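Engineer: Enclosed is the structure file entry_15.cif (mmCIF, C-alpha atoms).
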```cif
data_protein
#
loop_
_atom_site.label_atom_id
_atom_site.label_comp_id
_atom_site.auth_asym_id
_atom_site.auth_seq_id
_atom_site.Cartn_x
_atom_site.Cartn_y
_atom_site.Cartn_z
CA MET S 1 100.44 76.07 128.98
CA SER S 2 102.00 77.00 132.32
CA TYR S 3 101.79 80.42 133.94
CA GLY S 4 103.40 82.31 136.80
CA THR S 5 101.94 82.46 140.28
CA GLU S 6 99.64 85.14 141.64
CA ARG S 7 102.33 86.56 143.95
CA HIS S 8 103.79 88.31 140.88
CA THR S 9 100.55 89.99 139.82
CA PRO S 10 100.05 93.65 140.75
CA VAL S 11 96.26 93.68 140.32
CA GLU S 12 93.90 91.77 142.59
CA GLY S 13 91.82 89.31 140.61
CA ARG S 14 94.22 88.96 137.71
CA VAL S 15 93.81 85.43 136.43
CA ARG S 16 97.12 84.55 134.78
CA ASP S 17 100.25 85.90 133.15
CA ASN S 18 100.13 87.25 129.62
CA VAL S 19 101.39 85.15 126.72
CA PHE S 20 105.14 85.70 126.06
CA ALA S 21 105.55 87.26 129.54
CA GLY S 22 107.20 85.85 132.67
CA VAL S 23 110.07 84.05 130.92
CA ALA S 24 112.56 83.11 133.66
CA ILE S 25 115.88 83.55 131.85
CA ASP S 26 119.12 85.28 132.86
CA ARG S 27 119.95 87.34 129.78
CA MET S 28 123.64 87.48 130.76
CA ALA S 29 124.10 91.07 129.60
CA GLU S 30 127.46 91.28 131.35
CA ARG S 31 128.84 88.45 129.17
CA ARG S 32 127.67 89.59 125.74
CA ASP S 33 131.02 91.24 124.92
CA ASP S 34 133.06 88.30 126.24
CA ARG S 35 133.62 86.55 122.92
CA LEU S 36 135.68 83.72 124.42
CA TRP S 37 132.95 82.87 126.95
CA VAL S 38 130.25 83.07 124.26
CA GLU S 39 132.15 80.74 121.92
CA GLU S 40 132.78 78.23 124.70
CA THR S 41 129.13 78.37 125.68
CA GLU S 42 128.05 77.78 122.09
CA ARG S 43 130.00 74.51 122.14
CA ALA S 44 128.69 73.23 125.49
CA ASP S 45 126.89 69.89 125.16
CA ASP S 46 123.61 71.06 126.70
CA THR S 47 123.42 74.38 124.82
CA ARG S 48 120.45 74.70 122.48
CA PHE S 49 119.79 76.93 119.46
CA LEU S 50 116.31 78.20 118.59
CA VAL S 51 116.16 78.25 114.79
CA LEU S 52 114.27 80.93 112.83
CA ASP S 53 113.91 81.50 109.12
CA SER S 54 114.49 84.82 107.39
CA GLU S 55 110.81 85.78 107.86
CA GLY S 56 110.95 85.29 111.63
CA GLN S 57 109.14 81.95 111.78
CA ALA S 58 110.48 79.30 114.14
CA PHE S 59 111.21 75.71 113.18
CA VAL S 60 109.23 73.26 115.31
CA ASP S 61 109.01 69.48 115.51
CA GLU S 62 106.70 67.58 113.18
CA ARG S 63 103.84 67.56 115.69
CA GLY S 64 104.23 71.27 116.38
CA GLU S 65 104.54 70.76 120.14
CA HIS S 66 108.06 72.14 120.72
CA PRO S 67 110.76 74.02 118.82
CA GLN S 68 113.11 71.85 116.81
CA TRP S 69 116.24 72.74 118.76
CA MET S 70 119.60 72.65 117.04
CA THR S 71 122.40 71.02 119.02
CA PRO S 72 125.99 72.35 119.18
CA VAL S 73 127.18 69.32 117.19
CA MET S 74 124.76 69.97 114.33
CA ARG S 75 125.55 73.64 114.42
CA ALA S 76 129.30 73.02 114.21
CA GLU S 77 129.03 70.42 111.44
CA ARG S 78 126.44 72.08 109.21
CA PHE S 79 125.80 75.68 110.25
CA GLY S 80 129.05 76.93 111.73
CA ASP S 81 129.09 79.95 109.42
CA VAL S 82 125.74 81.22 110.73
CA VAL S 83 126.16 83.87 113.46
CA SER S 84 124.16 83.26 116.63
CA THR S 85 122.50 85.62 119.11
CA LEU S 86 122.83 84.92 122.82
CA LEU S 87 119.42 84.81 124.54
CA GLY S 88 120.56 83.77 128.00
CA ILE S 89 120.73 80.94 130.52
CA ALA S 90 117.81 79.16 132.18
CA ASN S 91 117.90 76.05 134.34
CA GLY S 92 121.59 75.61 133.59
CA THR S 93 121.09 75.59 129.81
CA ALA S 94 122.35 78.29 127.46
CA TRP S 95 119.92 79.39 124.76
CA PHE S 96 120.86 81.01 121.47
CA ALA S 97 118.96 82.06 118.36
CA LEU S 98 120.04 81.30 114.79
CA VAL S 99 118.47 82.85 111.70
CA LEU S 100 118.86 80.69 108.58
CA ASP S 101 118.62 81.89 105.00
CA GLU S 102 116.50 79.76 102.71
CA ALA S 103 119.35 77.54 101.56
CA HIS S 104 120.35 76.72 105.14
CA ALA S 105 116.67 76.37 106.11
CA GLU S 106 116.14 73.66 103.50
CA ILE S 107 119.14 71.76 104.86
CA PHE S 108 117.78 72.00 108.40
CA VAL S 109 114.34 70.76 107.35
CA ASP S 110 115.90 67.82 105.48
CA LEU S 111 117.94 66.87 108.56
CA THR S 112 115.16 67.20 111.13
CA SER S 113 111.76 67.10 109.30
CA ALA S 114 110.96 70.36 111.09
CA ARG S 115 108.13 72.65 110.01
CA ARG S 116 107.68 76.38 110.39
CA MET S 117 105.46 78.16 112.88
CA SER S 118 104.52 81.83 113.25
CA LEU S 119 104.80 83.61 116.58
CA ARG S 120 101.03 84.07 116.76
CA GLU S 121 100.50 80.33 116.40
CA ALA S 122 103.31 79.57 118.85
CA GLY S 123 101.76 81.80 121.50
CA LEU S 124 98.67 79.58 121.51
CA ILE S 125 100.42 76.20 121.22
CA LEU S 126 103.96 76.10 122.61
CA PRO S 127 104.74 75.86 126.35
CA ALA S 128 105.06 79.27 127.98
CA PHE S 129 108.86 79.31 128.28
CA GLU S 130 109.38 78.23 124.68
CA ALA S 131 106.84 80.73 123.32
CA GLY S 132 108.48 83.52 125.34
CA LEU S 133 111.93 82.52 124.10
CA PHE S 134 110.62 82.63 120.53
CA ALA S 135 109.21 86.12 121.13
CA PHE S 136 112.58 87.29 122.47
CA ALA S 137 114.43 85.76 119.50
CA LYS S 138 112.02 87.16 116.93
CA GLY S 139 112.19 90.66 118.40
CA ILE S 140 115.98 90.89 118.61
CA THR S 141 116.65 89.35 115.20
CA HIS S 142 114.03 91.55 113.53
CA TRP S 143 115.82 94.59 114.94
CA GLN S 144 119.13 93.27 113.58
CA ARG S 145 117.63 92.96 110.08
CA GLN S 146 116.18 96.46 110.26
CA THR S 147 119.46 98.06 111.39
CA ARG S 148 121.82 97.10 108.58
CA PHE S 149 122.69 100.75 107.95
CA CYS S 150 123.38 103.55 110.40
CA SER S 151 120.38 105.87 110.72
CA LEU S 152 122.72 108.82 111.42
CA CYS S 153 125.29 108.54 108.62
CA GLY S 154 124.12 105.72 106.35
CA ALA S 155 127.23 103.57 106.80
CA PRO S 156 126.86 99.77 106.87
CA THR S 157 126.65 98.29 110.36
CA LEU S 158 128.09 95.31 112.21
CA VAL S 159 126.20 93.26 114.80
CA VAL S 160 128.22 93.09 118.03
CA ALA S 161 127.70 92.14 121.70
CA SER S 162 126.43 88.70 120.71
CA GLY S 163 123.54 90.25 118.81
CA HIS S 164 122.50 93.01 121.22
CA ARG S 165 124.20 96.07 119.74
CA VAL S 166 124.84 97.31 116.23
CA GLN S 167 127.85 99.46 115.40
CA CYS S 168 128.20 101.52 112.27
CA THR S 169 131.45 101.24 110.31
CA ASN S 170 132.01 104.95 109.69
CA PRO S 171 135.75 105.48 110.36
CA ASP S 172 135.17 109.16 111.13
CA GLY S 173 133.02 108.34 114.15
CA PRO S 174 131.18 105.05 114.47
CA HIS S 175 127.76 105.27 116.06
CA MET S 176 126.31 102.60 118.34
CA HIS S 177 122.70 101.47 118.06
CA PHE S 178 120.64 99.57 120.62
CA PRO S 179 117.45 97.53 120.27
CA ARG S 180 114.28 99.59 120.39
CA THR S 181 110.80 98.79 121.60
CA ASP S 182 107.69 100.70 120.58
CA ALA S 183 105.40 101.08 123.60
CA ALA S 184 101.63 101.04 123.23
CA ILE S 185 98.83 101.26 125.76
CA ILE S 186 95.81 98.99 125.77
CA VAL S 187 92.94 99.67 128.15
CA ILE S 188 89.58 98.43 129.36
CA VAL S 189 87.48 101.47 130.37
CA GLU S 190 84.65 100.92 132.83
CA ASP S 191 81.65 102.96 133.83
CA GLY S 192 80.00 101.24 136.79
CA ASP S 193 78.74 97.91 135.52
CA ARG S 194 79.68 98.59 131.89
CA CYS S 195 82.92 98.40 129.93
CA LEU S 196 83.89 100.12 126.68
CA LEU S 197 84.86 97.92 123.71
CA GLY S 198 85.41 98.76 120.07
CA ARG S 199 85.97 97.03 116.76
CA GLN S 200 88.08 97.81 113.71
CA ARG S 201 87.10 97.34 110.11
CA GLY S 202 88.22 94.01 108.75
CA TRP S 203 87.93 92.12 112.03
CA PRO S 204 85.81 88.96 112.11
CA ALA S 205 82.11 89.74 112.33
CA GLY S 206 81.01 90.53 115.89
CA ARG S 207 84.51 90.79 117.41
CA TYR S 208 85.04 93.61 119.91
CA SER S 209 88.18 94.41 121.85
CA THR S 210 89.71 96.89 124.25
CA LEU S 211 91.05 100.21 122.94
CA ALA S 212 94.76 100.62 122.17
CA GLY S 213 97.32 102.95 120.62
CA PHE S 214 100.99 103.88 120.53
CA ILE S 215 102.69 106.24 122.97
CA GLU S 216 103.63 109.58 121.40
CA PRO S 217 106.78 111.62 122.17
CA GLY S 218 106.66 113.54 125.42
CA GLU S 219 103.72 111.53 126.70
CA SER S 220 103.30 109.45 129.85
CA LEU S 221 101.52 106.11 129.80
CA GLU S 222 98.54 107.57 131.65
CA ASP S 223 98.38 110.52 129.26
CA ALA S 224 98.40 108.10 126.34
CA VAL S 225 95.45 106.22 127.87
CA ARG S 226 93.46 109.42 128.16
CA ARG S 227 94.35 110.61 124.66
CA GLU S 228 93.75 107.31 122.86
CA VAL S 229 90.37 106.71 124.51
CA ARG S 230 89.30 110.29 123.77
CA GLU S 231 90.51 110.16 120.14
CA GLU S 232 88.98 106.79 119.34
CA SER S 233 85.70 106.95 121.24
CA GLY S 234 85.17 110.52 122.49
CA VAL S 235 85.02 109.19 126.08
CA GLU S 236 86.98 111.10 128.74
CA VAL S 237 88.91 109.05 131.29
CA LEU S 238 89.41 109.93 134.97
CA HIS S 239 91.78 107.29 136.37
CA ALA S 240 94.10 104.77 134.74
CA THR S 241 95.57 101.89 136.74
CA TYR S 242 98.35 99.62 135.51
CA HIS S 243 97.28 96.01 134.99
CA SER S 244 100.09 94.13 133.21
CA SER S 245 102.29 94.21 130.12
CA GLN S 246 103.05 91.92 127.22
CA PRO S 247 105.99 91.69 124.84
CA TRP S 248 104.54 91.95 121.35
CA PRO S 249 107.39 91.58 118.85
CA LEU S 250 105.10 91.79 115.81
CA PRO S 251 107.45 93.33 115.03
CA ALA S 252 108.70 95.43 117.97
CA SER S 253 106.03 96.50 120.42
CA LEU S 254 105.37 96.33 124.15
CA MET S 255 101.69 96.37 125.10
CA VAL S 256 101.11 98.07 128.47
CA GLY S 257 97.71 97.14 129.83
CA PHE S 258 95.50 99.39 131.98
CA THR S 259 92.09 99.51 133.56
CA ALA S 260 90.48 102.96 133.56
CA THR S 261 87.43 104.78 134.90
CA ALA S 262 85.29 106.85 132.56
CA ARG S 263 84.40 110.50 133.31
CA THR S 264 81.99 110.85 130.38
CA ARG S 265 79.78 108.29 128.66
CA GLU S 266 78.80 109.66 125.26
CA ILE S 267 80.56 107.83 122.41
CA ILE S 268 81.75 109.89 119.44
CA LEU S 269 84.03 108.12 116.94
CA ARG S 270 86.53 110.91 116.34
CA ASP S 271 89.57 109.63 114.43
CA ASP S 272 88.09 106.90 112.20
CA GLU S 273 90.25 104.25 113.88
CA LEU S 274 87.18 102.27 114.93
CA GLU S 275 84.20 101.06 112.97
CA ASP S 276 82.11 100.93 116.14
CA ALA S 277 82.41 101.34 119.92
CA ARG S 278 79.86 100.38 122.56
CA TRP S 279 79.27 100.07 126.28
CA PHE S 280 78.76 96.42 127.31
CA THR S 281 77.44 95.11 130.60
CA ALA S 282 78.64 91.72 131.79
CA ASP S 283 75.23 90.36 130.85
CA ASP S 284 75.62 91.83 127.36
CA ILE S 285 78.90 89.98 126.94
CA VAL S 286 77.52 86.71 128.27
CA SER S 287 74.37 86.79 126.12
CA GLY S 288 76.23 88.00 123.04
CA MET S 289 78.86 85.29 123.25
CA ARG S 290 76.33 82.55 123.99
CA SER S 291 74.28 83.56 120.96
CA GLY S 292 77.37 83.71 118.77
CA GLU S 293 76.81 87.38 117.94
CA LEU S 294 79.76 88.66 119.99
CA GLY S 295 83.40 87.58 119.90
CA VAL S 296 86.46 88.61 121.89
CA PRO S 297 90.16 88.56 120.97
CA PRO S 298 92.02 85.23 121.24
CA PRO S 299 93.86 84.29 124.48
CA LEU S 300 97.12 85.30 122.81
CA SER S 301 96.47 88.98 123.47
CA VAL S 302 96.58 91.16 126.57
CA SER S 303 93.17 92.47 125.46
CA TYR S 304 91.75 89.03 126.23
CA ARG S 305 93.38 89.19 129.69
CA LEU S 306 91.88 92.61 130.40
CA ILE S 307 88.38 91.41 129.48
CA GLU S 308 88.99 88.20 131.43
CA HIS S 309 89.99 90.22 134.50
CA TRP S 310 86.97 92.55 134.23
CA LEU S 311 84.58 89.59 133.99
CA ALA S 312 86.35 87.69 136.80
CA GLN S 313 85.66 90.62 139.13
CA ARG S 314 82.00 89.90 138.41
CA ASN S 315 82.40 86.16 139.04
CA ILE S 316 82.26 85.26 135.36
CA SER S 317 84.88 82.96 133.81
CA LEU S 318 85.72 84.01 130.26
CA GLU S 319 87.33 80.64 129.60
CA GLU S 320 84.16 78.79 130.63
CA LEU S 321 82.03 81.25 128.67
CA ILE S 322 84.01 80.58 125.50
CA ALA S 323 83.80 76.84 126.04
CA SER S 324 80.00 77.03 126.27
CA SER S 325 79.57 79.38 123.29
CA PRO S 326 79.15 78.44 119.61
CA ALA S 327 82.39 78.13 117.66
CA ARG S 328 83.21 81.30 115.71
#
```
Could I get this structure in the form of structure tokens?
Structural biologist:
Amino acid sequence: MSYGTERHTPVEGRVRDNVFAGVAIDRMAERRDDRLWVEETERADDTRFLVLDSEGQAFVDERGEHPQWMTPVMRAERFGDVVSTLLGIANGTAWFALVLDEAHAEIFVDLTSARRMSLREAGLILPAFEAGLFAFAKGITHWQRQTRFCSLCGAPTLVVASGHRVQCTNPDGPHMHFPRTDAAIIVIVEDGDRCLLGRQRGWPAGRYSTLAGFIEPGESLEDAVRREVREESGVEVLHATYHSSQPWPLPASLMVGFTATARTREIILRDDELEDARWFTADDIVSGMRSGELGVPPPLSVSYRLIEHWLAQRNISLEELIASSPAR
């Protein structure tokens, strides 16, 4: 998997870009209403369509190494009645998304021998650009499915702007709807040589992660960090510093990662969100992972990146630590 270069990273010591982030694509927002240009672009020989099923899974090749792209010829001959969503242009190629109902999906599988892949699996397997494109496609098409009726008047809606706006059909005053993203903070809190990690009920035995929660109305990102840490663990936070962000269209979130400094140390589980929370030294993490008693989130998540960054500042490679630890 390829990643962006360090010149784009705002925090010293950050190891790599987050999964689904850093996708170099021109989204061509100024062309979305130009139906003639969009239709011509759909027919261009080098245009490619990322194909999703109605559940938001992508179709990939038999080996699961790349998406099973649909060509303009196949689209025109077999799937011309399926409306596409413009994703953008990268490296001279136009990229669109197509969502197939089950009948069309069966035809596509018969023609290509493709198989289906979830976004979580794709984030760990597909090349970075292709995984990011899938995340974009899944997020925008999920919003389309969830916005079939106007939330203001209840009228049916129409998808316009090549998939990026939804317009209600109320003749007395049509309302326009735009894609939404639900922001959440995720934070690694440190107190000197210790960091605060918690676990939720139902997670695999021994897995601990950074704390997270959604932004509430009228709240800044930093305020959300302070509130979520206080609510979940009882720990008060002094400073919060932005680390990085990650698109998380499962189904419609943006994870905004922070590092933070603790003001208090006593842990009190206040809101029943966590089963347990603890302070871990770097040595605690190393010994726990090497014994198999401690696990961390998979590399898919920004939580993994925050822990990776915290350990890297202490000259410990999380990747090497995982490689030398028992399989969980």
Engineer: Any chance you could resolve the PyMOL selection byres ((chain S and resi 187) around 7) against this file and give the residues as a list in words?
Structural biologist: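 This file gives the following for the PyMOL selection byres ((chain S and resi 187) around 7): Ile185, Ile186, Ile188, Val189, Thr210, Leu211, Ala212, Gly257, Phe258, Thr259 and Ala260 of chain S.
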Engineer: Restrict the selected residues to C-alpha atoms and save them as a tab-separated table (two decimals), in the coordinates of the input.
Structural biologist:
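The new file part-v6.tsv reads:
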```tsv
chain	number	residue	atom	x	y	z
S	185	ILE	CA	98.83	101.26	125.76
S	186	ILE	CA	95.81	98.99	125.77
S	188	ILE	CA	89.58	98.43	129.36
S	189	VAL	CA	87.48	101.47	130.37
S	210	THR	CA	89.71	96.89	124.25
S	211	LEU	CA	91.05	100.21	122.94
S	212	ALA	CA	94.76	100.62	122.17
S	257	GLY	CA	97.71	97.14	129.83
S	258	PHE	CA	95.50	99.39	131.98
S	259	THR	CA	92.09	99.51	133.56
S	260	ALA	CA	90.48	102.96	133.56
```
Engineer: What is the distance, in Å and to one decimal place, between CA of Ile215 (chain S) and CA of Pro249 (chain S)?
Structural biologist: 15.9 Å
Engineer: How many Å lie between CA of Leu269 (chain S) and CA of Leu318 (chain S), rounded to one decimal?
Structural biologist: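 Atom-to-atom, CA of Leu269 (chain S) and CA of Leu318 (chain S) are spaced 27.6 Å apart.
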Engineer: Just say which residues the PyMOL selection byres ((chain S and resi 165-175) around 10) picks in this file, as a list in words.
Structural biologist: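 Selected by the PyMOL selection byres ((chain S and resi 165-175) around 10) here: Arg32, Asp33, Ile140, Trp143, Gln144, Thr147, Arg148, Phe149, Cys150, Ser151, Leu152, Cys153, Gly154, Ala155, Pro156, Thr157, Leu158, Val159, Val160, Ala161, Ser162, Gly163, His164, Met176, His177, Phe178 and Pro179 of chain S.
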Engineer: From the options S:Pro297, S:Thr41, S:Glu275, S:Leu133, which residue's atoms come nearest to Gly92 (chain S), counting all atoms listed in the file?
Structural biologist: S:Thr41
Engineer: Applied to this file, what does the PyMOL selection byres ((chain S and resi 274) around 10) return in terms of residues, put as a PyMOL selection string?
Structural biologist: chain S and resi 198-201+211+232-233+269-273+275-277
Engineer: Limited to C-alpha atoms, could you put the picked residues into a file as a PDB file, in the frame of the given file?
Structural biologist:
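Heads up, here's the output in out-v9.pdb:
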```pdb
ATOM      1  CA  GLY S 198      85.410  98.760 120.070  1.00  0.00           C
ATOM      2  CA  ARG S 199      85.970  97.030 116.760  1.00  0.00           C
ATOM      3  CA  GLN S 200      88.080  97.810 113.710  1.00  0.00           C
ATOM      4  CA  ARG S 201      87.100  97.340 110.110  1.00  0.00           C
ATOM      5  CA  LEU S 211      91.050 100.210 122.940  1.00  0.00           C
ATOM      6  CA  GLU S 232      88.980 106.790 119.340  1.00  0.00           C
ATOM      7  CA  SER S 233      85.700 106.950 121.240  1.00  0.00           C
ATOM      8  CA  LEU S 269      84.030 108.120 116.940  1.00  0.00           C
ATOM      9  CA  ARG S 270      86.530 110.910 116.340  1.00  0.00           C
ATOM     10  CA  ASP S 271      89.570 109.630 114.430  1.00  0.00           C
ATOM     11  CA  ASP S 272      88.090 106.900 112.200  1.00  0.00           C
ATOM     12  CA  GLU S 273      90.250 104.250 113.880  1.00  0.00           C
ATOM     13  CA  GLU S 275      84.200 101.060 112.970  1.00  0.00           C
ATOM     14  CA  ASP S 276      82.110 100.930 116.140  1.00  0.00           C
ATOM     15  CA  ALA S 277      82.410 101.340 119.920  1.00  0.00           C
TER      16      ALA S 277
END
```
Engineer: Write out as a ChimeraX atom specification which residues come within 8 Å of region 82-89 of chain S when counting only C-alpha atoms, dropping same-chain ones fewer than 2 positions away.
Structural biologist: /S:25-28,32,38,79-80,91-100,133,136-137,141,162-164
Engineer: Can you find the residues with an atom no farther than 12 Å from (79.3, 86.6, 138.7), counting all atoms listed in the file, and report them as a list in words?
Structural biologist: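 Answer for this query, in the requested form: Asp193, Thr281, Ala282, Asp283, Val286, Trp310, Leu311, Ala312, Gln313, Arg314, Asn315, Ile316, Ser317, Leu318 and Leu321 of chain S.
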Engineer: Could you check the closest approach to Arg290 (chain S) for each of S:Ala327, S:Val302, S:Met117, S:Val256 and tell me which residue wins, using all atoms listed in the file?
Structural biologist: S:Ala327
Engineer: How many Å separate CA of Pro217 (chain S) from CA of Met255 (chain S)?
Structural biologist: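 Those two atoms sit 16.3 Å apart.
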Engineer: Do you know which residues are at most 10 Å from Thr261 (chain S) counting all atoms listed in the file, after dropping those on the same chain fewer than 3 positions away, and could you put them as a ChimeraX atom specification?
Structural biologist: /S:188-192,195,236-241,264
Engineer: Hey, can you pull every residue with an atom no more than 12 Å from (102.1, 81.7, 114.1), using all atoms listed in the file, and send it as a list in words?
Structural biologist: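 With a cut-off of 12 Å, the residues come to Glu55, Gly56, Gln57, Ala58, Phe59, Val60, Gly64, Arg115, Arg116, Met117, Ser118, Leu119, Arg120, Glu121, Ala122, Gly123, Leu124, Ile125, Leu126, Ala131, Phe134, Ala135, Lys138, Leu250 and Leu300 of chain S.
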Engineer: Take the residues just selected and output them with C-alpha atoms as a compact mmCIF listing (two decimals), keeping the file's coordinate frame.
Structural biologist:
```txt
# COMPACT_ATOMS: atom_id res chain seq x y z
CA GLU S 55 110.81 85.78 107.86
CA GLY S 56 110.95 85.29 111.63
CA GLN S 57 109.14 81.95 111.78
CA ALA S 58 110.48 79.30 114.14
CA PHE S 59 111.21 75.71 113.18
CA VAL S 60 109.23 73.26 115.31
CA GLY S 64 104.23 71.27 116.38
CA ARG S 115 108.13 72.65 110.01
CA ARG S 116 107.68 76.38 110.39
CA MET S 117 105.46 78.16 112.88
CA SER S 118 104.52 81.83 113.25
CA LEU S 119 104.80 83.61 116.58
CA ARG S 120 101.03 84.07 116.76
CA GLU S 121 100.50 80.33 116.40
CA ALA S 122 103.31 79.57 118.85
CA GLY S 123 101.76 81.80 121.50
CA LEU S 124 98.67 79.58 121.51
CA ILE S 125 100.42 76.20 121.22
CA LEU S 126 103.96 76.10 122.61
CA ALA S 131 106.84 80.73 123.32
CA PHE S 134 110.62 82.63 120.53
CA ALA S 135 109.21 86.12 121.13
CA LYS S 138 112.02 87.16 116.93
CA LEU S 250 105.10 91.79 115.81
CA LEU S 300 97.12 85.30 122.81
```
Engineer: Counting all atoms listed in the file, which of S:Thr71, S:Ser209, S:Asn18, S:Ser54 gets nearest to Phe280 (chain S)?
Structural biologist: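 When distances to Phe280 (chain S) are compared using all atoms listed in the file, the smallest one comes from S:Ser209.
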Engineer: Name all residues at most 8 Å from Thr181 (chain S) (count all atoms listed in the file; drop same-chain ones fewer than 3 positions away) and give them as a VMD selection string.
Structural biologist: chain S and resid 252 to 254
Engineer: Filtering to C-alpha atoms, could region 16-73 of chain S of the supplied structure be written out as a PDB file, in the first residue's frame?
Structural biologist:
```pdb
ATOM      1  CA  ARG S  16       2.159   7.638   7.328  1.00  0.00           C
ATOM      2  CA  ASP S  17      -1.156   8.815   5.928  1.00  0.00           C
ATOM      3  CA  ASN S  18      -4.395   7.353   7.221  1.00  0.00           C
ATOM      4  CA  VAL S  19      -6.244   4.722   5.214  1.00  0.00           C
ATOM      5  CA  PHE S  20      -8.745   6.281   2.739  1.00  0.00           C
ATOM      6  CA  ALA S  21      -6.987   9.674   3.056  1.00  0.00           C
ATOM      7  CA  GLY S  22      -4.727  11.501   0.593  1.00  0.00           C
ATOM      8  CA  VAL S  23      -6.588  10.500  -2.584  1.00  0.00           C
ATOM      9  CA  ALA S  24      -5.238  12.734  -5.359  1.00  0.00           C
ATOM     10  CA  ILE S  25      -8.356  13.307  -7.467  1.00  0.00           C
ATOM     11  CA  ASP S  26      -9.872  16.451  -8.973  1.00  0.00           C
ATOM     12  CA  ARG S  27     -13.535  16.149  -8.012  1.00  0.00           C
ATOM     13  CA  MET S  28     -14.568  18.475 -10.866  1.00  0.00           C
ATOM     14  CA  ALA S  29     -17.279  20.210  -8.846  1.00  0.00           C
ATOM     15  CA  GLU S  30     -17.609  22.928 -11.471  1.00  0.00           C
ATOM     16  CA  ARG S  31     -18.636  20.334 -14.101  1.00  0.00           C
ATOM     17  CA  ARG S  32     -21.218  18.360 -12.146  1.00  0.00           C
ATOM     18  CA  ASP S  33     -24.146  20.336 -13.608  1.00  0.00           C
ATOM     19  CA  ASP S  34     -22.763  20.210 -17.161  1.00  0.00           C
ATOM     20  CA  ARG S  35     -24.772  17.221 -18.362  1.00  0.00           C
ATOM     21  CA  LEU S  36     -23.312  17.288 -21.883  1.00  0.00           C
ATOM     22  CA  TRP S  37     -19.734  17.174 -20.559  1.00  0.00           C
ATOM     23  CA  VAL S  38     -20.615  14.410 -18.088  1.00  0.00           C
ATOM     24  CA  GLU S  39     -22.237  12.265 -20.790  1.00  0.00           C
ATOM     25  CA  GLU S  40     -19.281  12.731 -23.134  1.00  0.00           C
ATOM     26  CA  THR S  41     -16.893  11.852 -20.328  1.00  0.00           C
ATOM     27  CA  GLU S  42     -18.863   8.707 -19.514  1.00  0.00           C
ATOM     28  CA  ARG S  43     -18.263   7.515 -23.081  1.00  0.00           C
ATOM     29  CA  ALA S  44     -14.528   8.278 -23.208  1.00  0.00           C
ATOM     30  CA  ASP S  45     -12.436   5.170 -23.895  1.00  0.00           C
ATOM     31  CA  ASP S  46     -10.265   5.463 -20.784  1.00  0.00           C
ATOM     32  CA  THR S  47     -13.100   6.279 -18.357  1.00  0.00           C
ATOM     33  CA  ARG S  48     -13.648   3.697 -15.630  1.00  0.00           C
ATOM     34  CA  PHE S  49     -16.644   2.891 -13.419  1.00  0.00           C
ATOM     35  CA  LEU S  50     -16.262   1.623  -9.851  1.00  0.00           C
ATOM     36  CA  VAL S  51     -19.112  -0.837  -9.334  1.00  0.00           C
ATOM     37  CA  LEU S  52     -20.933  -1.223  -6.002  1.00  0.00           C
ATOM     38  CA  ASP S  53     -23.851  -3.391  -4.999  1.00  0.00           C
ATOM     39  CA  SER S  54     -26.930  -2.137  -3.180  1.00  0.00           C
ATOM     40  CA  GLU S  55     -25.292  -2.835   0.214  1.00  0.00           C
ATOM     41  CA  GLY S  56     -22.265  -0.674  -0.573  1.00  0.00           C
ATOM     42  CA  GLN S  57     -19.810  -3.479  -1.298  1.00  0.00           C
ATOM     43  CA  ALA S  58     -17.433  -3.069  -4.233  1.00  0.00           C
ATOM     44  CA  PHE S  59     -16.892  -5.643  -6.959  1.00  0.00           C
ATOM     45  CA  VAL S  60     -13.244  -6.686  -7.191  1.00  0.00           C
ATOM     46  CA  ASP S  61     -11.294  -9.054  -9.423  1.00  0.00           C
ATOM     47  CA  GLU S  62     -11.140 -12.758  -8.607  1.00  0.00           C
ATOM     48  CA  ARG S  63      -7.885 -12.400  -6.660  1.00  0.00           C
ATOM     49  CA  GLY S  64      -9.210  -9.441  -4.695  1.00  0.00           C
ATOM     50  CA  GLU S  65      -6.260  -7.225  -5.624  1.00  0.00           C
ATOM     51  CA  HIS S  66      -8.071  -4.451  -7.527  1.00  0.00           C
ATOM     52  CA  PRO S  67     -11.622  -3.295  -8.235  1.00  0.00           C
ATOM     53  CA  GLN S  68     -13.276  -4.936 -11.217  1.00  0.00           C
ATOM     54  CA  TRP S  69     -13.641  -1.761 -13.258  1.00  0.00           C
ATOM     55  CA  MET S  70     -16.482  -1.451 -15.736  1.00  0.00           C
ATOM     56  CA  THR S  71     -15.540   0.001 -19.116  1.00  0.00           C
ATOM     57  CA  PRO S  72     -17.681   2.512 -21.062  1.00  0.00           C
ATOM     58  CA  VAL S  73     -18.390  -0.164 -23.684  1.00  0.00           C
TER      59      VAL S  73
END
```
